[in-house]
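Data file: data-v9.tsv. Format and content: TSV, C-alpha atoms.
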```tsv
chain	number	residue	atom	x	y	z
A	13	MET	CA	-25.05	-41.53	15.54
A	14	VAL	CA	-25.25	-38.71	18.13
A	15	SER	CA	-23.81	-35.38	17.06
A	16	ASN	CA	-21.52	-33.43	19.41
A	17	PHE	CA	-23.30	-30.27	18.33
A	18	HIS	CA	-26.29	-29.23	20.44
A	19	LEU	CA	-28.65	-26.41	19.69
A	20	PRO	CA	-28.79	-23.74	22.43
A	21	PRO	CA	-31.78	-24.02	24.77
A	22	MET	CA	-34.82	-22.02	23.82
A	23	GLY	CA	-35.55	-18.86	25.79
A	24	PHE	CA	-32.00	-17.64	26.30
A	25	GLY	CA	-29.78	-15.11	24.55
A	26	PRO	CA	-30.46	-12.02	22.42
A	27	GLY	CA	-33.92	-11.89	20.92
A	28	SER	CA	-35.31	-14.50	23.29
A	29	GLN	CA	-37.40	-11.99	25.27
A	30	PRO	CA	-40.23	-9.86	23.90
A	31	GLU	CA	-39.21	-6.30	23.12
A	32	ASP	CA	-41.14	-3.51	24.77
A	33	GLU	CA	-39.77	-0.02	24.32
A	34	ASP	CA	-41.91	1.31	27.18
A	35	ALA	CA	-40.90	-1.37	29.68
A	36	GLN	CA	-38.84	-0.32	32.69
A	37	LEU	CA	-36.53	-2.34	34.82
A	38	GLU	CA	-38.03	-3.23	38.18
A	39	TYR	CA	-35.53	-3.37	41.03
A	40	MET	CA	-36.01	-5.13	44.31
A	41	GLN	CA	-36.97	-2.66	47.02
A	42	LEU	CA	-33.99	-1.73	49.16
A	43	PRO	CA	-34.17	-1.45	52.96
A	44	SER	CA	-35.27	1.95	54.17
A	45	GLY	CA	-36.38	3.74	57.30
A	46	MET	CA	-33.09	4.92	58.76
A	47	ARG	CA	-33.73	7.76	61.20
A	48	THR	CA	-31.85	11.01	60.76
A	49	TYR	CA	-31.93	14.23	62.76
A	50	SER	CA	-33.95	17.13	61.42
A	51	ALA	CA	-34.35	20.32	63.37
A	52	HIS	CA	-37.88	21.18	64.47
A	53	MET	CA	-38.59	24.79	65.35
A	54	PRO	CA	-41.79	25.20	67.43
A	55	ASP	CA	-44.02	28.07	66.35
A	56	ILE	CA	-44.55	30.31	69.39
A	57	ASP	CA	-46.67	33.47	69.14
A	58	ASP	CA	-45.59	34.93	72.48
A	59	PRO	CA	-42.27	33.62	73.87
A	60	SER	CA	-42.95	35.37	77.20
A	61	SER	CA	-45.80	32.93	77.90
A	62	VAL	CA	-43.41	29.97	77.84
A	63	THR	CA	-40.55	31.46	79.83
A	64	PRO	CA	-40.35	28.46	82.23
A	65	ALA	CA	-40.01	26.02	79.32
A	66	LEU	CA	-37.37	28.16	77.62
A	67	LYS	CA	-35.39	28.37	80.85
A	68	THR	CA	-35.59	24.60	81.23
A	69	LEU	CA	-34.34	24.10	77.66
A	70	ALA	CA	-31.46	26.50	78.28
A	71	ASP	CA	-30.55	24.58	81.43
A	72	VAL	CA	-30.73	21.30	79.52
A	73	ALA	CA	-28.35	22.68	76.88
A	74	LYS	CA	-25.84	23.62	79.58
A	75	ALA	CA	-26.24	20.21	81.18
A	76	CYS	CA	-25.42	18.52	77.87
A	77	GLY	CA	-22.09	20.28	77.81
A	78	ALA	CA	-21.38	19.24	81.41
A	79	ALA	CA	-22.50	15.66	80.74
A	80	ALA	CA	-20.00	15.44	77.89
A	81	GLN	CA	-17.34	15.77	80.61
A	82	GLY	CA	-18.89	13.00	82.70
A	83	GLY	CA	-21.68	14.75	84.62
A	84	MET	CA	-25.40	14.02	84.80
A	85	ALA	CA	-28.41	16.25	85.48
A	86	SER	CA	-32.13	15.85	86.10
A	87	PHE	CA	-34.97	18.33	85.48
A	88	ASP	CA	-38.43	17.92	86.99
A	89	LEU	CA	-41.19	18.87	84.55
A	90	SER	CA	-44.18	18.24	86.80
A	91	HIS	CA	-44.45	21.91	87.83
A	92	LEU	CA	-44.92	23.16	84.26
A	93	ASP	CA	-48.38	24.17	83.04
A	94	ALA	CA	-49.91	22.57	79.95
A	95	GLU	CA	-48.56	25.15	77.47
A	96	ASN	CA	-44.99	24.98	78.76
A	97	ARG	CA	-45.06	21.20	79.03
A	98	ALA	CA	-46.35	20.92	75.45
A	99	LEU	CA	-43.47	23.09	74.22
A	100	ILE	CA	-40.97	20.81	75.93
A	101	ALA	CA	-42.56	17.73	74.36
A	102	GLU	CA	-42.67	19.30	70.90
A	103	THR	CA	-39.05	20.42	71.09
A	104	MET	CA	-37.73	17.12	72.42
A	105	GLY	CA	-39.47	14.87	69.88
A	106	GLN	CA	-38.49	11.19	69.74
A	107	GLY	CA	-35.02	9.85	69.03
A	108	GLU	CA	-33.74	6.36	68.28
A	109	VAL	CA	-33.57	4.77	71.73
A	110	ALA	CA	-36.47	3.72	73.99
A	111	MET	CA	-36.30	1.86	77.29
A	112	LYS	CA	-38.68	0.01	79.59
A	113	ILE	CA	-37.59	-0.18	83.22
A	114	ARG	CA	-39.61	-2.53	85.41
A	115	GLY	CA	-40.01	-2.14	89.13
A	116	ILE	CA	-41.52	0.51	91.40
A	117	PRO	CA	-42.11	2.87	89.85
A	118	ALA	CA	-42.09	1.36	86.38
A	119	LEU	CA	-40.51	3.84	83.98
A	120	ALA	CA	-40.88	4.52	80.28
A	121	VAL	CA	-37.79	6.20	78.82
A	122	GLN	CA	-37.62	7.85	75.40
A	123	GLU	CA	-34.51	9.48	74.07
A	124	SER	CA	-35.26	12.85	72.51
A	125	VAL	CA	-34.00	13.92	69.09
A	126	PHE	CA	-31.08	15.33	71.06
A	127	ALA	CA	-28.82	12.39	71.90
A	128	GLY	CA	-28.25	12.00	75.62
A	129	VAL	CA	-31.42	13.91	76.56
A	130	TRP	CA	-33.90	11.40	77.98
A	131	MET	CA	-37.62	11.87	78.63
A	132	ILE	CA	-38.66	9.73	81.62
A	133	ALA	CA	-42.25	9.06	82.67
A	134	GLY	CA	-43.84	6.89	85.34
A	135	ALA	CA	-46.17	7.04	88.33
A	136	GLY	CA	-45.34	10.39	89.90
A	137	VAL	CA	-42.38	10.86	87.54
A	138	ASP	CA	-42.16	13.38	84.70
A	139	LYS	CA	-38.62	14.54	84.09
A	140	ILE	CA	-35.68	14.98	81.74
A	141	GLU	CA	-32.35	13.36	82.46
A	142	VAL	CA	-29.18	14.41	80.67
A	143	GLY	CA	-26.29	11.98	80.45
A	144	PRO	CA	-24.87	9.07	78.48
A	145	VAL	CA	-27.63	6.80	79.82
A	146	PRO	CA	-30.48	7.23	82.37
A	147	SER	CA	-29.39	6.54	85.94
A	148	ALA	CA	-32.22	4.05	86.61
A	149	ALA	CA	-31.16	1.97	83.61
A	150	LEU	CA	-27.86	1.42	85.40
A	151	SER	CA	-28.97	1.10	89.02
A	152	ARG	CA	-31.97	-1.18	88.39
A	153	ALA	CA	-30.82	-3.15	85.35
A	154	PHE	CA	-30.21	-6.53	86.96
A	155	GLU	CA	-33.04	-6.58	89.48
A	156	PRO	CA	-34.66	-9.93	88.59
A	157	PHE	CA	-37.90	-9.77	86.66
A	158	ARG	CA	-37.45	-13.48	85.96
A	159	LYS	CA	-34.85	-15.10	88.18
A	160	ALA	CA	-31.72	-16.72	86.80
A	161	GLU	CA	-31.93	-20.50	87.16
A	162	GLY	CA	-28.15	-20.77	86.84
A	163	LYS	CA	-25.98	-23.61	85.58
A	164	THR	CA	-27.88	-26.16	87.66
A	165	HIS	CA	-31.03	-25.64	85.57
A	166	PRO	CA	-32.20	-29.08	84.29
A	167	ARG	CA	-30.86	-29.95	80.84
A	168	GLY	CA	-33.27	-31.46	78.40
A	169	PRO	CA	-32.45	-33.31	75.17
A	170	GLY	CA	-30.59	-31.12	72.68
A	171	VAL	CA	-28.80	-28.98	75.26
A	172	VAL	CA	-25.20	-29.34	74.12
A	173	ASN	CA	-23.01	-26.24	74.33
A	174	ALA	CA	-25.10	-23.95	76.54
A	175	PRO	CA	-23.72	-25.14	79.93
A	176	ALA	CA	-20.16	-24.27	78.86
A	177	LEU	CA	-21.28	-20.82	77.69
A	178	MET	CA	-23.13	-20.31	80.96
A	179	ALA	CA	-20.01	-21.18	82.95
A	180	GLU	CA	-18.11	-18.54	80.95
A	181	LEU	CA	-20.79	-15.91	81.54
A	182	GLU	CA	-20.93	-16.60	85.27
A	183	ASP	CA	-17.15	-16.36	85.53
A	184	LYS	CA	-16.99	-13.06	83.64
A	185	SER	CA	-19.98	-11.70	85.54
A	186	GLY	CA	-18.40	-12.40	88.90
A	187	SER	CA	-15.01	-10.94	87.96
A	188	PHE	CA	-16.23	-7.88	86.04
A	189	MET	CA	-14.64	-4.69	87.40
A	190	GLY	CA	-15.36	-2.35	84.48
A	191	GLY	CA	-13.35	-1.79	81.33
A	192	GLU	CA	-13.74	-3.48	77.97
A	193	PRO	CA	-16.84	-5.66	77.50
A	194	HIS	CA	-16.55	-9.42	77.19
A	195	VAL	CA	-18.64	-10.63	74.25
A	196	VAL	CA	-19.99	-14.12	73.62
A	197	ASN	CA	-21.10	-14.21	69.99
A	198	LEU	CA	-23.83	-16.83	69.63
A	199	THR	CA	-24.04	-16.17	65.89
A	200	LEU	CA	-20.54	-17.56	65.38
A	201	LEU	CA	-20.76	-20.42	67.88
A	202	PRO	CA	-22.36	-23.82	67.31
A	203	HIS	CA	-25.57	-24.20	69.28
A	204	THR	CA	-29.01	-25.75	69.11
A	205	GLU	CA	-32.43	-24.18	69.63
A	206	GLU	CA	-32.56	-26.07	72.92
A	207	ASP	CA	-29.28	-24.39	73.92
A	208	LEU	CA	-30.87	-20.96	73.45
A	209	VAL	CA	-33.95	-21.88	75.47
A	210	TRP	CA	-31.76	-23.26	78.27
A	211	LEU	CA	-29.54	-20.15	78.28
A	212	ASP	CA	-32.58	-17.90	78.47
A	213	ALA	CA	-33.78	-19.71	81.59
A	214	ALA	CA	-30.31	-19.96	83.12
A	215	THR	CA	-29.54	-16.24	82.78
A	216	GLY	CA	-33.05	-15.03	83.61
A	217	GLU	CA	-34.27	-11.54	82.82
A	218	GLY	CA	-33.51	-8.25	84.52
A	219	ALA	CA	-35.53	-5.05	84.80
A	220	VAL	CA	-34.35	-3.16	81.70
A	221	THR	CA	-35.23	-3.65	78.05
A	222	ILE	CA	-33.84	-1.28	75.42
A	223	LEU	CA	-34.76	-0.83	71.76
A	224	SER	CA	-32.46	1.17	69.52
A	225	ARG	CA	-34.00	1.98	66.14
A	226	GLY	CA	-31.51	2.93	63.48
A	227	TYR	CA	-30.79	1.13	60.22
A	228	GLY	CA	-32.70	-1.90	61.49
A	229	ASN	CA	-33.27	-2.53	65.19
A	230	CYS	CA	-31.13	-3.49	68.14
A	231	ARG	CA	-32.81	-5.09	71.16
A	232	VAL	CA	-30.86	-5.05	74.43
A	233	THR	CA	-32.15	-6.98	77.43
A	234	ALA	CA	-30.62	-7.08	80.90
A	235	THR	CA	-30.36	-10.58	82.29
A	236	ALA	CA	-30.71	-11.37	85.99
A	237	LEU	CA	-26.98	-12.10	86.04
A	238	PRO	CA	-25.03	-8.97	87.08
A	239	HIS	CA	-23.35	-7.11	84.20
A	240	VAL	CA	-24.69	-9.58	81.58
A	241	TRP	CA	-26.78	-8.24	78.69
A	242	ARG	CA	-28.36	-9.98	75.70
A	243	VAL	CA	-27.76	-7.86	72.59
A	244	GLN	CA	-29.55	-8.76	69.35
A	245	PHE	CA	-29.29	-6.92	66.04
A	246	PHE	CA	-31.99	-7.16	63.37
A	247	ASN	CA	-31.77	-5.84	59.84
A	248	SER	CA	-34.43	-3.62	58.27
A	249	MET	CA	-36.34	-6.76	57.24
A	250	ASP	CA	-36.52	-7.75	60.95
A	251	THR	CA	-34.20	-10.72	60.48
A	252	LEU	CA	-31.84	-11.53	63.34
A	253	ILE	CA	-28.29	-10.99	62.05
A	254	LEU	CA	-26.22	-10.85	65.25
A	255	ASP	CA	-26.97	-12.46	68.61
A	256	THR	CA	-24.60	-11.87	71.53
A	257	PHE	CA	-24.19	-11.73	75.27
A	258	GLU	CA	-22.16	-8.77	76.54
A	259	VAL	CA	-20.62	-8.60	79.99
A	260	THR	CA	-20.38	-4.87	80.57
A	261	THR	CA	-21.88	-1.96	82.50
A	262	MET	CA	-24.08	-0.91	79.56
A	263	PRO	CA	-23.83	-1.98	75.90
A	264	GLU	CA	-22.33	0.76	73.76
A	265	VAL	CA	-25.28	0.81	71.38
A	266	ALA	CA	-27.46	2.38	74.12
A	267	ILE	CA	-24.96	5.01	75.27
A	268	ALA	CA	-24.84	8.61	74.08
A	269	ALA	CA	-21.22	9.43	73.25
A	270	LYS	CA	-19.40	12.55	74.39
A	271	GLU	CA	-19.54	13.97	70.86
A	272	ASP	CA	-23.32	13.38	70.77
A	273	LEU	CA	-23.84	15.37	73.97
A	274	VAL	CA	-21.74	18.29	72.71
A	275	ASP	CA	-23.74	18.27	69.48
A	276	SER	CA	-27.03	18.16	71.43
A	277	ALA	CA	-26.04	21.26	73.42
A	278	GLU	CA	-25.42	23.17	70.20
A	279	ARG	CA	-28.67	22.04	68.59
A	280	ILE	CA	-30.81	23.00	71.59
A	281	VAL	CA	-29.23	26.45	71.60
A	282	GLU	CA	-30.10	26.81	67.91
A	283	VAL	CA	-33.73	25.94	68.63
A	284	LEU	CA	-33.87	28.45	71.49
A	285	GLU	CA	-32.45	31.20	69.30
A	286	ALA	CA	-35.05	30.45	66.63
A	287	ILE	CA	-37.92	30.60	69.15
A	288	ARG	CA	-36.75	33.85	70.75
```

Translate this file's structure into structure tokens.
Amino acid sequence: MVSNFHLPPMGFGPGSQPEDEDAQLEYMQLPSGMRTYSAHMPDIDDPSSVTPALKTLADVAKACGAAAQGGMASFDLSHLDAENRALIAETMGQGEVAMKIRGIPALAVQESVFAGVWMIAGAGVDKIEVGPVPSAALSRAFEPFRKAEGKTHPRGPGVVNAPALMAELEDKSGSFMGGEPHVVNLTLLPHTEEDLVWLDAATGEGAVTILSRGYGNCRVTATALPHVWRVQFFNSMDTLILDTFEVTTMPEVAIAAKEDLVDSAERIVEVLEAIR
């Protein structure tokens, strides 16, 4: 006869684990690496020797305030000597957003620690731009680096939903006149791996690639289809968590907000006061 009473399984419950008074709980490591602003005050022995750099920084601070109202400004750094140029580089530091702009000249863009203040370098180019986003990132974004094959691109096995998405993107691209972005969220839509490969070929690749490093990474790539961007968010473990197309002038994640520019003006002034 089988009893309805069963002994509890071994290894569970109070007293089932060895006691160790010195043992400590070990927690899984949490994501880290979020960038935050910290003021850096360059150590200058003789401020009079870096007058050109200090004037440039003062002009940049003023430009930040103007850019918050919709303006933009550019400052050529090529005329500065090594000492003054080094002070600019030390003061600017590196912020969260970096850009690669293909074409002639190819440009490397690094946002400074002051949001909306962009360091731009290339063949014959060494300058600071102040504004929500560098001008070349707007004017050259959709110049084809890899041409868009379009909706007539041959469809292999497994291509199911991509042609319908492409038709939507082409329609929104052609009718875009500014305003709110149109977002196609691939993460929430059914699709195959073949769909993604087909979409990549159909939309092509433009001239601008942007990486925003915050709590995790965001990679923004211009397609060769006007006003269409691929925006991908990764968590701090480098796992893709959101994959979208945005039909817009520039994805918001890459834009310095008005409040950021006002704050940058104040911070640069603080650094200048500390140096002087």

Segment 153-169 of chain A surroundings by only C-alpha atoms, 7 Å radius, close-in-sequence under 5 positions cut, as a list in words: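 Listed by chain and then number, they are Pro175, Met178, Ala179, Ala213, Ala214, Thr215, Gly216, Glu217, Gly218, Ala219, Val220, Ala234, Thr235, Ala236, Leu237 and Pro238 of chain A.
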
Residue nearest Arg97 of chain A among A:Leu66, A:Leu119, A:Ala73, A:Cys230 (counting all atoms listed in the file): A:Leu66

Non-local contacts of Thr63 of chain A (12 Å; all atoms listed in the file; under 2 positions in same chain excluded) as number ranges by chain: A: 56, 58-61, 65-70, 92-93, 95-97, 99-100, 284, 287-288

Spatial neighbours of segment 266-271 of chain A, 8 Å, only C-alpha atoms, chain gap at least 2 places, as a list in words: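 Counting only C-alpha atoms, the residues come to Ala79, Ala80, Gln81, Val109, Ala127, Gly128, Gly143, Pro144, Val145, Ile222, Ser224, Met262, Pro263, Glu264, Leu273, Val274 and Asp275 of chain A.
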
Interatomic distance (Å, one decimal) between atom CA of Ala174 of chain A and atom CA of Gly186 of chain A: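 We find that atom CA of Ala174 of chain A and atom CA of Gly186 of chain A lie 18.2 Å from each other.
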
Interatomic distance (Å, one decimal) between atom CA of Val195 of chain A and atom CA of Thr256 of chain A: 6.7 Å

Please report as CSV every residue of segment 97-132 of chain A lying within 9 Å of segment 146-150 of chain A, along with the nearest atom pair and their distance in Å (one decimal), using all atoms listed in the file.
```
residue,atom,partner,partner_atom,distance
A:Met111,CA,A:Ala149,CA,8.1
A:Lys112,CA,A:Ala149,CA,8.7
A:Ile113,CA,A:Ala149,CA,6.8
A:Leu119,CA,A:Ala148,CA,8.7
A:Val121,CA,A:Pro146,CA,8.2
A:Gly128,CA,A:Pro146,CA,8.6
A:Val129,CA,A:Pro146,CA,8.9
A:Trp130,CA,A:Pro146,CA,7.0
A:Ile132,CA,A:Pro146,CA,8.6
```

Minimum-distance residue to Phe87 of chain A, chosen among A:Glu182, A:Asp272, A:Asp138, A:Asp250 (using all atoms listed in the file):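 Of all the options, A:Asp138 lies closest to Phe87 of chain A.
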
Using all atoms listed in the file: which of A:Ala94, A:Val232, A:Ala85, A:Met104 has the shortest distance to Ser276 of chain A: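 Among the listed residues, A:Met104 lies closest to Ser276 of chain A.
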
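Of the listed residues A:Val125, A:Val137, A:Ala176, A:Ala118, the one whose atoms come nearest to Asp88 of chain A is A:Val137, with distances taken using all atoms listed in the file.
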
Pick from A:Lys139, A:Phe126, A:Asn247, A:Leu208, whichever lies nearest to Glu282 of chain A using only C-alpha atoms: A:Phe126

From A:Val259, A:Ala135, A:Val209, A:Ile280, residue lying nearest Pro193 of chain A [only C-alpha atoms]: A:Val259

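Pairwise distance (atom CA of Gly105 of chain A, atom CA of Thr251 of chain A) equals 27.8 Å.
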